[in-house]
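Data file: query26.csv. Format and content: CSV, C-alpha atoms and all ligand atoms.
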chain,number,residue,atom,x,y,z
A,1,MET,CA,-0.6,7.6,-0.4
A,2,CYS,CA,-1.3,5.6,2.7
A,3,SER,CA,-2.0,1.9,2.5
A,4,GLU,CA,-4.1,-0.1,5.0
A,5,ALA,CA,-1.1,-1.7,6.6
A,6,LEU,CA,2.4,-0.2,6.6
A,7,ILE,CA,4.2,-3.3,7.6
A,8,SER,CA,3.1,-6.9,7.4
A,9,PRO,CA,5.2,-10.0,7.6
A,10,ALA,CA,5.8,-11.8,4.4
A,11,LEU,CA,3.2,-14.5,4.8
A,12,ASP,CA,5.0,-17.4,3.4
A,13,TRP,CA,3.1,-20.5,4.2
A,14,PRO,CA,4.8,-23.9,4.5
A,15,ALA,CA,4.0,-26.8,2.4
A,16,VAL,CA,1.6,-29.0,4.5
A,17,ARG,CA,3.6,-32.0,5.5
A,18,ASP,CA,3.1,-32.5,9.3
A,19,LEU,CA,0.3,-33.8,11.4
A,20,PRO,CA,-2.3,-31.1,12.0
A,21,LEU,CA,-1.9,-28.9,15.1
A,22,ARG,CA,-4.7,-29.5,17.6
A,23,LEU,CA,-6.0,-26.1,18.6
A,24,GLY,CA,-8.2,-25.1,21.5
A,25,ILE,CA,-9.8,-21.7,21.1
A,26,LEU,CA,-10.6,-19.4,24.0
A,27,ALA,CA,-12.8,-16.5,23.1
A,28,SER,CA,-15.0,-14.0,25.1
A,29,GLY,CA,-17.0,-12.3,22.4
A,30,ASN,CA,-17.4,-11.9,18.6
A,31,GLY,CA,-15.0,-14.5,17.4
A,32,SER,CA,-13.9,-13.0,14.2
A,33,ASN,CA,-10.3,-14.2,14.8
A,34,PHE,CA,-11.6,-17.7,15.5
A,35,ALA,CA,-13.4,-17.5,12.1
A,36,ALA,CA,-10.2,-16.3,10.4
A,37,ILE,CA,-8.2,-19.2,11.9
A,38,ALA,CA,-10.9,-21.7,10.9
A,39,GLN,CA,-10.9,-20.2,7.4
A,40,ALA,CA,-7.2,-20.5,7.0
A,41,ILE,CA,-7.5,-24.2,8.0
A,42,ASP,CA,-10.3,-24.7,5.5
A,43,GLN,CA,-8.2,-23.1,2.8
A,44,GLY,CA,-5.3,-25.5,3.5
A,45,GLN,CA,-3.0,-22.7,4.6
A,46,LEU,CA,-2.8,-23.6,8.3
A,47,CYS,CA,-2.3,-27.3,8.9
A,48,ALA,CA,-4.4,-27.6,12.1
A,49,GLN,CA,-7.7,-28.7,13.4
A,50,ILE,CA,-9.9,-26.9,16.0
A,51,GLN,CA,-10.7,-29.3,18.8
A,52,GLY,CA,-13.2,-27.0,20.4
A,53,VAL,CA,-14.0,-23.5,21.6
A,54,ILE,CA,-14.4,-22.3,25.2
A,55,TYR,CA,-16.2,-19.1,25.8
A,56,ASN,CA,-16.9,-17.3,29.1
A,57,ASN,CA,-19.8,-15.0,28.2
A,58,PRO,CA,-23.2,-16.6,27.6
A,59,GLN,CA,-24.0,-14.1,24.8
A,60,ALA,CA,-20.7,-14.5,23.0
A,61,ARG,CA,-21.2,-14.7,19.2
A,62,VAL,CA,-18.3,-17.1,18.9
A,63,ALA,CA,-20.6,-19.9,20.1
A,64,GLN,CA,-22.8,-19.4,17.1
A,65,ARG,CA,-19.8,-19.3,14.8
A,66,ALA,CA,-18.5,-22.6,16.2
A,67,ALA,CA,-22.0,-24.2,15.8
A,68,GLU,CA,-22.1,-23.1,12.2
A,69,ARG,CA,-18.9,-25.0,11.6
A,70,GLY,CA,-20.0,-28.0,13.5
A,71,LEU,CA,-17.3,-27.5,16.1
A,72,PRO,CA,-17.8,-28.2,19.8
A,73,SER,CA,-18.1,-25.2,22.1
A,74,VAL,CA,-18.4,-25.0,25.8
A,75,LEU,CA,-19.6,-22.1,28.0
A,76,ILE,CA,-17.3,-21.8,31.1
A,77,ASN,CA,-18.6,-18.8,32.8
A,78,HIS,CA,-16.0,-17.2,35.2
A,79,ARG,CA,-18.9,-15.8,37.2
A,80,ASP,CA,-19.7,-19.3,38.4
A,81,PHE,CA,-16.4,-19.8,40.1
A,82,GLY,CA,-15.1,-18.7,43.4
A,83,GLY,CA,-11.7,-17.6,42.0
A,84,ARG,CA,-9.5,-17.3,38.9
A,85,GLU,CA,-7.6,-20.5,39.7
A,86,THR,CA,-10.6,-22.8,39.9
A,87,PHE,CA,-12.0,-21.2,36.7
A,88,ASP,CA,-8.6,-21.8,34.9
A,89,ALA,CA,-8.5,-25.4,36.3
A,90,THR,CA,-11.8,-26.1,34.5
A,91,VAL,CA,-10.7,-24.4,31.4
A,92,ALA,CA,-7.4,-26.5,31.4
A,93,ALA,CA,-9.3,-29.7,32.1
A,94,THR,CA,-11.6,-29.1,29.2
A,95,LEU,CA,-8.7,-28.3,26.9
A,96,ARG,CA,-6.8,-31.5,28.1
A,97,GLY,CA,-10.0,-33.5,27.4
A,98,TRP,CA,-9.8,-32.3,23.8
A,99,ASP,CA,-6.1,-33.2,23.7
A,100,VAL,CA,-5.1,-29.8,22.4
A,101,ASP,CA,-1.4,-29.0,21.8
A,102,TRP,CA,-1.8,-25.2,21.4
A,103,VAL,CA,-4.2,-22.9,23.2
A,104,ILE,CA,-5.3,-19.9,21.2
A,105,MET,CA,-6.7,-16.9,23.0
A,106,ALA,CA,-8.8,-15.1,20.4
A,107,GLY,CA,-10.4,-12.2,22.1
A,108,TRP,CA,-10.2,-13.9,25.5
A,109,MET,CA,-10.6,-11.2,28.1
A,110,ARG,CA,-9.3,-13.1,31.1
A,111,CYS,CA,-5.8,-13.0,32.6
A,112,ALA,CA,-4.2,-16.5,32.8
A,113,THR,CA,-3.2,-17.9,36.2
A,114,PRO,CA,-0.3,-20.3,36.7
A,115,VAL,CA,-2.9,-23.1,36.7
A,116,LEU,CA,-3.6,-22.6,33.0
A,117,LEU,CA,0.0,-21.6,32.1
A,118,ASP,CA,1.5,-24.7,33.7
A,119,ALA,CA,-1.0,-26.9,31.9
A,120,PHE,CA,0.3,-25.8,28.5
A,121,PRO,CA,3.8,-24.3,29.1
A,122,GLY,CA,4.9,-22.0,26.3
A,123,HIS,CA,1.9,-23.2,24.2
A,124,ILE,CA,-0.6,-20.5,24.8
A,125,LEU,CA,-0.9,-17.7,22.3
A,126,ASN,CA,-2.8,-14.4,22.5
A,127,ILE,CA,-3.5,-11.6,20.0
A,128,HIS,CA,-3.6,-8.0,21.2
A,129,PRO,CA,-4.7,-4.9,19.3
A,130,SER,CA,-1.6,-2.8,19.6
A,131,LEU,CA,2.1,-3.0,18.8
A,132,LEU,CA,3.3,-4.3,22.1
A,133,PRO,CA,4.9,-3.3,24.3
A,134,SER,CA,2.9,-0.2,23.6
A,135,PHE,CA,-0.6,0.0,25.0
A,136,PRO,CA,-1.0,-3.3,26.9
A,137,GLY,CA,-4.2,-4.1,28.8
A,138,LEU,CA,-7.7,-2.9,28.1
A,139,HIS,CA,-8.8,-0.5,25.5
A,140,ALA,CA,-5.6,-0.6,23.5
A,141,VAL,CA,-7.2,1.0,20.4
A,142,GLU,CA,-8.5,4.0,22.5
A,143,GLN,CA,-5.1,4.2,24.2
A,144,ALA,CA,-3.3,4.5,20.9
A,145,LEU,CA,-5.8,7.2,19.7
A,146,ARG,CA,-5.4,9.1,22.9
A,147,ALA,CA,-1.6,8.9,22.8
A,148,GLY,CA,-1.6,10.6,19.3
A,149,VAL,CA,0.7,7.9,17.7
A,150,THR,CA,0.4,7.6,13.9
A,151,ILE,CA,1.0,3.9,13.8
A,152,THR,CA,-0.5,1.1,15.8
A,153,GLY,CA,-1.3,-2.5,14.9
A,154,CYS,CA,-1.6,-5.9,16.4
A,155,THR,CA,0.7,-8.4,18.1
A,156,VAL,CA,0.7,-12.2,18.6
A,157,HIS,CA,2.6,-13.3,21.6
A,158,ILE,CA,3.2,-16.2,23.9
A,159,VAL,CA,1.1,-15.8,27.1
A,160,THR,CA,3.0,-15.4,30.4
A,161,LEU,CA,2.0,-14.3,33.9
A,162,ALA,CA,2.9,-10.7,33.1
A,163,VAL,CA,-0.1,-9.6,31.0
A,164,ASP,CA,0.7,-8.7,27.4
A,165,GLN,CA,4.4,-9.1,28.0
A,166,GLY,CA,5.3,-12.5,26.7
A,167,PRO,CA,7.7,-13.2,23.8
A,168,ILE,CA,6.4,-11.7,20.6
A,169,ILE,CA,5.8,-14.1,17.7
A,170,ALA,CA,4.6,-11.6,15.0
A,171,GLN,CA,3.3,-8.1,14.5
A,172,ALA,CA,1.5,-6.1,11.8
A,173,ALA,CA,1.4,-2.3,11.8
A,174,VAL,CA,-1.6,-0.2,10.9
A,175,PRO,CA,-1.5,3.5,10.2
A,176,ILE,CA,-3.8,5.9,12.2
A,177,PHE,CA,-5.6,8.4,9.9
A,178,GLY,CA,-6.7,11.9,10.9
A,179,GLY,CA,-10.4,11.1,11.2
A,180,ASP,CA,-10.1,7.8,12.9
A,181,THR,CA,-12.5,6.8,15.6
A,182,PRO,CA,-12.1,3.8,17.9
A,183,ASP,CA,-14.5,2.0,15.5
A,184,THR,CA,-12.8,2.7,12.2
A,185,LEU,CA,-9.3,2.0,13.6
A,186,ALA,CA,-10.4,-1.2,15.3
A,187,ARG,CA,-11.9,-2.4,12.0
A,188,ARG,CA,-8.6,-1.9,10.2
A,189,ILE,CA,-6.7,-3.6,13.0
A,190,HIS,CA,-9.1,-6.5,12.8
A,191,THR,CA,-8.4,-7.0,9.1
A,192,GLN,CA,-4.7,-7.3,9.9
A,193,GLU,CA,-5.3,-9.6,12.9
A,194,HIS,CA,-7.2,-12.0,10.6
A,195,GLN,CA,-4.2,-12.4,8.3
A,196,LEU,CA,-1.6,-12.4,11.1
A,197,TYR,CA,-3.0,-14.8,13.6
A,198,PRO,CA,-3.3,-18.0,11.5
A,199,TRP,CA,0.2,-17.4,10.2
A,200,ALA,CA,1.6,-16.6,13.6
A,201,ILE,CA,0.2,-19.9,14.9
A,202,ALA,CA,2.2,-21.8,12.2
A,203,LEU,CA,5.2,-19.7,13.0
A,204,ALA,CA,5.0,-20.4,16.8
A,205,ALA,CA,4.6,-24.1,16.1
A,206,GLY,CA,7.6,-24.1,13.9
A,207,ARG,CA,5.6,-24.7,10.8
A,208,ALA,CA,6.2,-21.5,8.9
A,301,LIG,C1,-9.3,-8.5,18.9
A,301,LIG,O1,-9.2,-7.3,18.4
A,301,LIG,C2,-8.2,-8.9,19.9
A,301,LIG,O2,-7.0,-8.3,19.5
A,301,LIG,C3,-8.7,-8.3,21.2
A,301,LIG,O3,-10.1,-8.6,21.2
A,301,LIG,C4,-10.5,-8.6,19.9
A,301,LIG,C5,-11.4,-9.8,19.6
A,301,LIG,O4,-12.1,-9.7,18.4
A,301,LIG,N1,-8.0,-8.9,22.3
A,301,LIG,C6,-7.7,-8.3,23.4
A,301,LIG,O5,-7.9,-7.1,23.5
A,301,LIG,C7,-6.9,-9.1,24.4
A,301,LIG,N2,-6.3,-8.2,25.4
A,301,LIG,P1,-12.8,-11.0,17.9
A,301,LIG,O6,-13.7,-11.5,19.0
A,301,LIG,O7,-13.7,-10.5,16.7
A,301,LIG,O8,-11.8,-12.0,17.4

Reformat the file's structure so that it appears as C-alpha cells.
Ligand code: GAR
Amino acid sequence: MCSEALISPALDWPAVRDLPLRLGILASGNGSNFAAIAQAIDQGQLCAQIQGVIYNNPQARVAQRAAERGLPSVLINHRDFGGRETFDATVAATLRGWDVDWVIMAGWMRCATPVLLDAFPGHILNIHPSLLPSFPGLHAVEQALRAGVTITGCTVHIVTLAVDQGPIIAQAAVPIFGGDTPDTLARRIHTQEHQLYPWAIALAAGRA
C-alpha cells in the first residue's frame, strides 16, 4: 500500500522561547506556501511574524491572501525594470525597510542576483518541487514524470547564485503513481511542501 509521502522529516517543533523570526515573503503566483507558513505561525508552531509580501506579477493570488490576513504586500513588477540587478535592489530595499531577518521565496520565479544575495547573506530560502539535485529549474514536476522516476518530492534550500544548488535544509519525498498527471502529482507535492516549509524555516534559523 502506497502512502502519500514515503519519507518526511520528523516534524519536531521546538518550544517557543525566542523572539519571533521576521520573515519577508517573495511570491510570484498562487501563494499556497505563503498561506501554510502564515498558518503555522497562527497555530504557534513557527515562532515568526511575516513583515510583508512582495509579488512580481500583478495578478498573483498571493496579494489577495496577504490582504485577507491584513499583511502588507507590495507589487514590484520585474517588467518595470531595466535589468535584474535594479529589480533586486528594489526588492532588497523593501525587505530592509521591513527589517526582515529571513527572506522566504515561496513560488518566486525569479533568479536572485548578487544584489539580493549580498543583502541577506545565507538568509534566503527557496522551496523547489523536486528532490534536488534532481530536476532543477523550470517544470520540475513535468521533468520528473518525463524521466520515469517513481519518487520525487520537494526541497527547501538556501539560495545561492547557482540556481537550485544551494545547501539543502530539508526534503520530503512523494511517490509517483501510474496514472499521475502533472496536476495530480503537483497537488501531492504541494501537500508536502506545506508541511515542510514552515518547519524548514525553523530548522534553518536554528529553532528546530
Ligand atoms: C511550489 O510548488 C514551489 O515549489 C514552486 O512553485 C510552487 C508555488 O506554489 N517553486 C518553484 O518552482 C521555484 N523554482 P504556491 O504559489 O502555491 O506556493

- Distance query 12 Å from (-6.4, -28.4, 28.4) using only C-alpha atoms, result as a ChimeraX atom specification: /A:22-26,51-54,88-104,115-121,123-124

Filtering to C-alpha atoms, could you give me those residues as a PDB file, keeping the file's coordinate frame?
ATOM      1  CA  ARG A  22      -4.700 -29.500  17.600  1.00  0.00           C
ATOM      2  CA  LEU A  23      -6.000 -26.100  18.600  1.00  0.00           C
ATOM      3  CA  GLY A  24      -8.200 -25.100  21.500  1.00  0.00           C
ATOM      4  CA  ILE A  25      -9.800 -21.700  21.100  1.00  0.00           C
ATOM      5  CA  LEU A  26     -10.600 -19.400  24.000  1.00  0.00           C
ATOM      6  CA  GLN A  51     -10.700 -29.300  18.800  1.00  0.00           C
ATOM      7  CA  GLY A  52     -13.200 -27.000  20.400  1.00  0.00           C
ATOM      8  CA  VAL A  53     -14.000 -23.500  21.600  1.00  0.00           C
ATOM      9  CA  ILE A  54     -14.400 -22.300  25.200  1.00  0.00           C
ATOM     10  CA  ASP A  88      -8.600 -21.800  34.900  1.00  0.00           C
ATOM     11  CA  ALA A  89      -8.500 -25.400  36.300  1.00  0.00           C
ATOM     12  CA  THR A  90     -11.800 -26.100  34.500  1.00  0.00           C
ATOM     13  CA  VAL A  91     -10.700 -24.400  31.400  1.00  0.00           C
ATOM     14  CA  ALA A  92      -7.400 -26.500  31.400  1.00  0.00           C
ATOM     15  CA  ALA A  93      -9.300 -29.700  32.100  1.00  0.00           C
ATOM     16  CA  THR A  94     -11.600 -29.100  29.200  1.00  0.00           C
ATOM     17  CA  LEU A  95      -8.700 -28.300  26.900  1.00  0.00           C
ATOM     18  CA  ARG A  96      -6.800 -31.500  28.100  1.00  0.00           C
ATOM     19  CA  GLY A  97     -10.000 -33.500  27.400  1.00  0.00           C
ATOM     20  CA  TRP A  98      -9.800 -32.300  23.800  1.00  0.00           C
ATOM     21  CA  ASP A  99      -6.100 -33.200  23.700  1.00  0.00           C
ATOM     22  CA  VAL A 100      -5.100 -29.800  22.400  1.00  0.00           C
ATOM     23  CA  ASP A 101      -1.400 -29.000  21.800  1.00  0.00           C
ATOM     24  CA  TRP A 102      -1.800 -25.200  21.400  1.00  0.00           C
ATOM     25  CA  VAL A 103      -4.200 -22.900  23.200  1.00  0.00           C
ATOM     26  CA  ILE A 104      -5.300 -19.900  21.200  1.00  0.00           C
ATOM     27  CA  VAL A 115      -2.900 -23.100  36.700  1.00  0.00           C
ATOM     28  CA  LEU A 116      -3.600 -22.600  33.000  1.00  0.00           C
ATOM     29  CA  LEU A 117       0.000 -21.600  32.100  1.00  0.00           C
ATOM     30  CA  ASP A 118       1.500 -24.700  33.700  1.00  0.00           C
ATOM     31  CA  ALA A 119      -1.000 -26.900  31.900  1.00  0.00           C
ATOM     32  CA  PHE A 120       0.300 -25.800  28.500  1.00  0.00           C
ATOM     33  CA  PRO A 121       3.800 -24.300  29.100  1.00  0.00           C
ATOM     34  CA  HIS A 123       1.900 -23.200  24.200  1.00  0.00           C
ATOM     35  CA  ILE A 124      -0.600 -20.500  24.800  1.00  0.00           C
TER      36      ILE A 124
END

- Message: Give me the residues near Ala170 (chain A) as a VMD selection string, where near means some atom within 8 Å (using all atoms listed in the file) and where sequence neighbours in that chain fewer than 5 positions away do not count.
- Response: chain A and resid 9 155 to 157 196 200

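Taking all atoms listed in the file into account, ligand LIG 301 (chain A) lies nearest to A:Gly31 out of the set A:Gly31, A:Gly122, A:Pro198, A:Pro58.
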
- Task: Find the distance between CA of Cys47 (chain A) and CA of Trp199 (chain A) and write it in Å to one decimal.
- Result: 10.3 Å

- Please return, as a PyMOL selection string, all polymer residues that have at least one atom within 8 Å of the point (-2.1, -8.3, 27.5); use all atoms listed in the file and the file's own coordinate frame. chain A and resi 111+126+128+136-138+162-165

- Step by step, measure atom-to-atom distances between ligand LIG 301 (chain A) and each residue using all atoms listed in the file, keep those at most 9 Å, then write them as an NGL selection string. :A and (27-36 or 60-62 or 105-111 or 126-130 or 136-141 or 154-156 or 163-164 or 186-187 or 189-190 or 193-194)

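Here the question is which of A:Gln143, A:Thr181, A:Ser73, A:Thr160 gets nearest to Ala112 (chain A) using all atoms listed in the file, and that residue is A:Thr160.
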
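You will find CA of Val174 (chain A) at 5.2 Å from CA of Thr152 (chain A).
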
- Task: Measuring atom to atom with all atoms listed in the file, identify which of A:Thr184, A:Asn57, A:Ala38, A:Gly44 is nearest to Gly70 (chain A).
- Result: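 So, comparing all the options, the nearest one is A:Ala38.
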
- In terms of the shortest atom-to-atom distance over only C-alpha atoms, which of A:Gly148, A:Leu132, A:Ala205, A:Asn56 is closest to Ala172 (chain A)? A:Leu132

- In Å, with one decimal, what is the gap from CA of Ala40 (chain A) to CA of Asn77 (chain A)? 28.3 Å

- Item | Pick from A:Ser134, A:Thr113, A:Tyr197, A:Leu46 nearest to Leu161 (chain A), counting all atoms listed in the file |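 Once distances to Leu161 (chain A) are computed over all atoms listed in the file, the minimum belongs to A:Thr113.
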